[in-house]
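Engineer: Submitted below is the structure of interest, expressed as structure tokens.
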Amino acid sequence: MRRTAWPTLLRLSARGLIRDLRASDVRALALALALAVAASTMIGFFLDRLDRGLTRQAGQLSGGDVVLEQGRPFDDEIRQTLEDAGLTLSDQVDMVSMVSRGDAFQPASLKVVDSVYPHYGTARVDRGDGVEALPRGPAPGEAWVAPRLALLMELEVGDRIRLGQTELAVGGIIEREPDQSAGFGSFNPRLMMHVDDLDATGLVQEGSRVEFELLAAGSAEAVARVEPLLERLRREGVEVRDVRRDRPSLGNALARAEKYLGLAGLAAVLLAGVAVAMSTRRYVDRHLDTAALLRCFGATQRELLRLFVLQLAWLALAASALGALLGLVGQALLVRLLSTFLPFSLPAPGMLPLWLGVFTALAVLAGFAGPTLLRLKRVSALKVLRRELDPLPPSAWLVVGVAALVFGGLLWLYSGDLGLAAGLLLGGLVMLVVLWGLGGGLLALVLRATARLPRESGKAEGLITAVRLGGQQLARRRRASLGQLLAFSVTFFAVAMIVLVRGDLLTTWQAQLPEDTPNHFAINIQPQERDAFEAALAGAADARSALYPMVRGRISAIDGEVPQEAVPAESRGDNALRRELNLTWRETLPEGNRVVAGEWFEADASRASAGWLDEVAAEPRPAAHASIAGDSAVPISVEDGLAARLGLDLGDRLTFTIGSDEVVGEVTSLRSLDWESFRPNFFVIFPPGVLERFGHSFITAFHLGDDDRDLLRELVREFPGVTLLDVEAILGQVREVLTQVTRAVELVLGFVLLAGISVLYAALTASLPVRAHESGLLRVFGAGNRLLSRMQAAEFAVLGFASGLMGALLAELAAAGIYLAWFDLAPRFHWGLWLTLPVVGAVLIGVIGHLLSRGLRRQAPAASLGLLGEA
């Protein structure tokens, strides 16, 4: 027998698709595929652009897209590599020196910048005529000073100060720096000067403690090109600043936003896949007769399969093109809507999200429609004569298994986390089995409940009869109803989960920065000043943290080894190993801290530490290198992020050099910190009785309103040695980024809702033939339009209510797992979900189903009964 040529198959498949576009199931299939492509491409485009744009804006806090820091000038090779990649470079030098004016002397933290500074933003400086925004640093020959330095030395614009071997004119009072840091690397007030004046000061000598910084700015592509260089520099001990690590409040917000947008895209793809599966089932049922007729004319099973695969391939390509266009327009619309709130231009969209969207559509079609399509291949030519002779449907577990594998692959592709993809996939399959059992039990309960409804007469008879008949119809078609119940449950679950996560993220972000978030830090409070400083803040600050003691110490050994040799290669340049850490002691766990491994200090830790300290204090020690610890170790608690970077675990011993002494601590607990609270946090905490003998100061954070600024001047005059840091600028930038992310999250939710509606439409469309047949039978036996309308509305409402209940259960469990495994949020129970989702499901499914069934109620009984072959 001659095989059908490919051109003929292509022509037949295209003609068949054009003819089938009038069918509701094909329209539902096209809509689902278009939404899958549109959702994935729009979110892919927007997420890619927004991530790069927000990361760049967050990077402004550090002064550049790439910031390198080390104790010596950077060589020409590094500079050339960065410039060849398309990055613009700016040099900066940080050091501490003494500033003098007449008989007044004051240590200051010098920030030496060049003419390129700043890459981003502007400096707000008062040059004598009010505060103005300047897109540059100080000019050669002048210096800008912080308000505290001006107050301590009674400086005004135009005064001259001596710095080393040269004099500079005070050119302005700094109100805000474009790259203001929230770190506490220096307790001294700021002085900013031009790099051309640095040599004249004579401050940089052999052995001077100087930090050289290289700030680079450029496109995301340029930064990506130098990533191998950055990895090498990290291994060589150069500090490479990362906004996600150095700015936890911003980094966590960006990471959670990315994860949410990715989760929303996956939810839309999942819903589109369910819609494809529902539409394909109706599509195959409708084409069984066509396939049987083609078999009568000699078509082979392989040719049948090729014909219908090609037809769906044409549909997939058309839907992909439409979806890609919608995705591109959608992301442009999102960017346009956010343009008012985005103070930067987003990078142009790349082509990768487009290809991913098309690939997603093909994968969804193959995974969710492929197994069902195999029924057309096995159809018999005898079906032309015997309409009831349908091929056996593929096993439900085969359909679920193939769809799960495809969706798991997409989940891995979009999340980049194989463990997460496997966990969610296995958890979803387990929940599907549970839902199958729950759905079967729920349908059985519906049958019993509706069967026991009273038979009343009068006006109530129509309503009660409709509910009883609707419930019985739903429970009688057990398998079909169960499939619809699962589809609707998955729909409500996906939409509810996205809404829940959105609400909890917004709540977390709003709680992260309340109105009374501390906007000032007070550092270097001496023990004799502690009570007086607390009294000065009492009643004036809206909110403040406790006063924490602070001792400066450097990690000099890890388990007896040099730190750089004991940590992983990628952490050898970690800033925690290159500088002194702020150590503290505390008997109770600080607010916002949570022990994640080990145990907090026991109740007798203070006494044990004090006794240990008394013992080692009595031991004779060499004067040059006194070691307090000897072979003993005290318990310490370490922040879990630092422990992960340095490869620390419970039982490891850290040696801290404090002045000329050493203290050995054994890690007995790991803590998770609330870095987003803008309160004092510490990498390492000792128990009381260990560090008190060292010179220490206190630190606190407090919030001042705009009307309390005079208190700052009073604090500076009364406590000239206390360093006051204003972090209001950083708070403002954090709030700005969170506002942008919040708007993006809210706008992306709309596509998930559209995908959910496509599932409802596809599922209800697929069930219309069987419902039409049942309506025809009921009308033959005397049922009127009013009874049919009420019965169908009741059937859909009961189905929606049950789906809402199961969707709420699945959303609650899935949200808890995602919070713990992906978002690092505390799970919470959502009472409102259980109260609203079943009601919303009943109303939504009831209304949509009732509207789609309107045509069936107007159809003649003979026409409805004629649909038996499609049911």
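Naming works like this for the structure tokens: A, B, ... for the chains as they're shown, residue 1 at the start of each chain, ligands 1 onward in shown order.
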Excluding same-chain residues fewer than 5 positions from stretch 554-565 of chain A, what lies within 10 Å of it counting only C-alpha atoms, as a PyMOL selection string?
Structural biologist: chain A and resi 235-237+571-574+576-583+646+648+651-659+662-666
Engineer: Would you pick out the contacts of A:Phe105 at 8 Å or less, using only C-alpha atoms, so that residues sharing its chain but fewer than 6 positions from it are not included, and give the list as a list of chain:residue names?
Structural biologist: A:Met98, A:Val99, A:Met153
Engineer: Please determine, counting only C-alpha atoms, which residue among A:Val210, A:Leu837, A:Thr517, A:Asn593 has the shortest atom-to-atom distance to A:Met497.
Structural biologist: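 Closest to A:Met497, using only C-alpha atoms: A:Leu837.
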Engineer: Using only C-alpha atoms, pick whichever of A:Ala566, A:Ile848, A:Ala361, A:Ala449 has the shortest atom-to-atom distance to A:Ser40.
Structural biologist: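 Between A:Ala566, A:Ile848, A:Ala361, A:Ala449, the residue approaching A:Ser40 most closely is A:Ala361.
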Engineer: For A:Ala802, work out the shell of residues within 9 Å, counting only C-alpha atoms and skipping chain neighbours fewer than 3 positions away, then give it as a PyMOL selection string.
Structural biologist: chain A and resi 439+442-443+485+489+797-799+805-807+838+841-842
Engineer: Write out as a PyMOL selection string the residues lying within 8 Å of stretch 316-331 of chain A, counting only C-alpha atoms and excluding same-chain residues fewer than 2 positions away.
Structural biologist: chain A and resi 30-31+33-43+45-46+312-314+333-335+354+357-358+361-362+365
Engineer: Please save N, CA and C atoms of the selected residues as a short mmCIF file (atom, residue, chain, number, x, y, z; two decimals), in the first residue's frame.
Structural biologist:
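What ended up in part-v1.cif:
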```
data_model
loop_
_atom_site.label_atom_id
_atom_site.label_comp_id
_atom_site.auth_asym_id
_atom_site.auth_seq_id
_atom_site.Cartn_x
_atom_site.Cartn_y
_atom_site.Cartn_z
N ALA A 30 -5.90 26.22 22.03
CA ALA A 30 -5.07 27.33 21.54
C ALA A 30 -4.91 28.40 22.62
N LEU A 31 -5.99 28.69 23.34
CA LEU A 31 -5.91 29.69 24.40
C LEU A 31 -4.94 29.25 25.49
N LEU A 33 -2.38 27.11 25.26
CA LEU A 33 -0.99 27.17 24.78
C LEU A 33 -0.50 28.61 24.67
N ALA A 34 -1.34 29.49 24.15
CA ALA A 34 -0.94 30.89 24.03
C ALA A 34 -0.67 31.49 25.40
N LEU A 35 -1.49 31.16 26.38
CA LEU A 35 -1.27 31.70 27.73
C LEU A 35 0.00 31.12 28.34
N ALA A 36 0.28 29.83 28.06
CA ALA A 36 1.50 29.25 28.60
C ALA A 36 2.73 29.97 28.04
N VAL A 37 2.73 30.20 26.73
CA VAL A 37 3.86 30.91 26.12
C VAL A 37 3.90 32.35 26.59
N ALA A 38 2.75 33.01 26.62
CA ALA A 38 2.72 34.41 27.03
C ALA A 38 3.20 34.57 28.46
N ALA A 39 2.72 33.69 29.35
CA ALA A 39 3.13 33.81 30.76
C ALA A 39 4.62 33.57 30.92
N SER A 40 5.12 32.51 30.29
CA SER A 40 6.53 32.19 30.47
C SER A 40 7.44 33.22 29.82
N THR A 41 7.07 33.70 28.62
CA THR A 41 7.93 34.69 27.97
C THR A 41 7.84 36.04 28.65
N MET A 42 6.62 36.46 29.04
CA MET A 42 6.49 37.75 29.70
C MET A 42 7.24 37.77 31.02
N ILE A 43 7.04 36.74 31.81
CA ILE A 43 7.73 36.70 33.09
C ILE A 43 9.22 36.51 32.87
N PHE A 45 11.02 37.56 30.19
CA PHE A 45 11.54 38.86 29.76
C PHE A 45 11.62 39.83 30.93
N PHE A 46 10.51 39.96 31.62
CA PHE A 46 10.43 40.98 32.67
C PHE A 46 11.35 40.64 33.83
N LEU A 312 -1.77 19.38 15.57
CA LEU A 312 -1.51 20.03 16.85
C LEU A 312 -0.22 20.84 16.80
N ALA A 313 0.74 20.40 15.98
CA ALA A 313 1.98 21.17 15.85
C ALA A 313 1.71 22.52 15.20
N TRP A 314 0.85 22.52 14.13
CA TRP A 314 0.46 23.81 13.55
C TRP A 314 -0.19 24.70 14.60
N LEU A 333 4.53 46.47 28.61
CA LEU A 333 3.49 47.18 29.36
C LEU A 333 3.85 47.26 30.84
N LEU A 334 4.38 46.16 31.38
CA LEU A 334 4.80 46.18 32.78
C LEU A 334 5.89 47.21 33.01
N VAL A 335 6.87 47.23 32.12
CA VAL A 335 7.95 48.21 32.26
C VAL A 335 7.41 49.62 32.15
N LEU A 354 12.24 34.15 24.89
CA LEU A 354 11.34 33.84 23.78
C LEU A 354 11.45 32.37 23.40
N GLY A 357 9.93 30.20 25.97
CA GLY A 357 8.48 30.18 25.90
C GLY A 357 7.97 29.22 24.86
N VAL A 358 8.56 29.25 23.67
CA VAL A 358 8.16 28.32 22.61
C VAL A 358 8.45 26.88 23.02
N ALA A 361 5.78 25.70 25.41
CA ALA A 361 4.53 25.32 24.77
C ALA A 361 4.61 23.92 24.17
N LEU A 362 5.70 23.63 23.45
CA LEU A 362 5.86 22.31 22.85
C LEU A 362 5.96 21.23 23.93
N LEU A 365 2.53 20.68 25.43
CA LEU A 365 1.67 19.94 24.50
C LEU A 365 2.06 18.46 24.46
#
```
Engineer: Need the shell around A:Trp144: protein/DNA/RNA residues with any atom at most 7 Å away, counting only C-alpha atoms. Skip same-chain ones fewer than 2 positions apart. Format as JSON, numbers by chain?
Structural biologist: {"A": [138, 142, 146, 170, 171, 172, 173, 174, 191, 192, 193]}
Engineer: Taking only C-alpha atoms into account, which of A:Val434, A:Ala532, A:Ala597, A:Leu310 comes nearest A:Leu809?
Structural biologist: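 Closest candidate: A:Val434.
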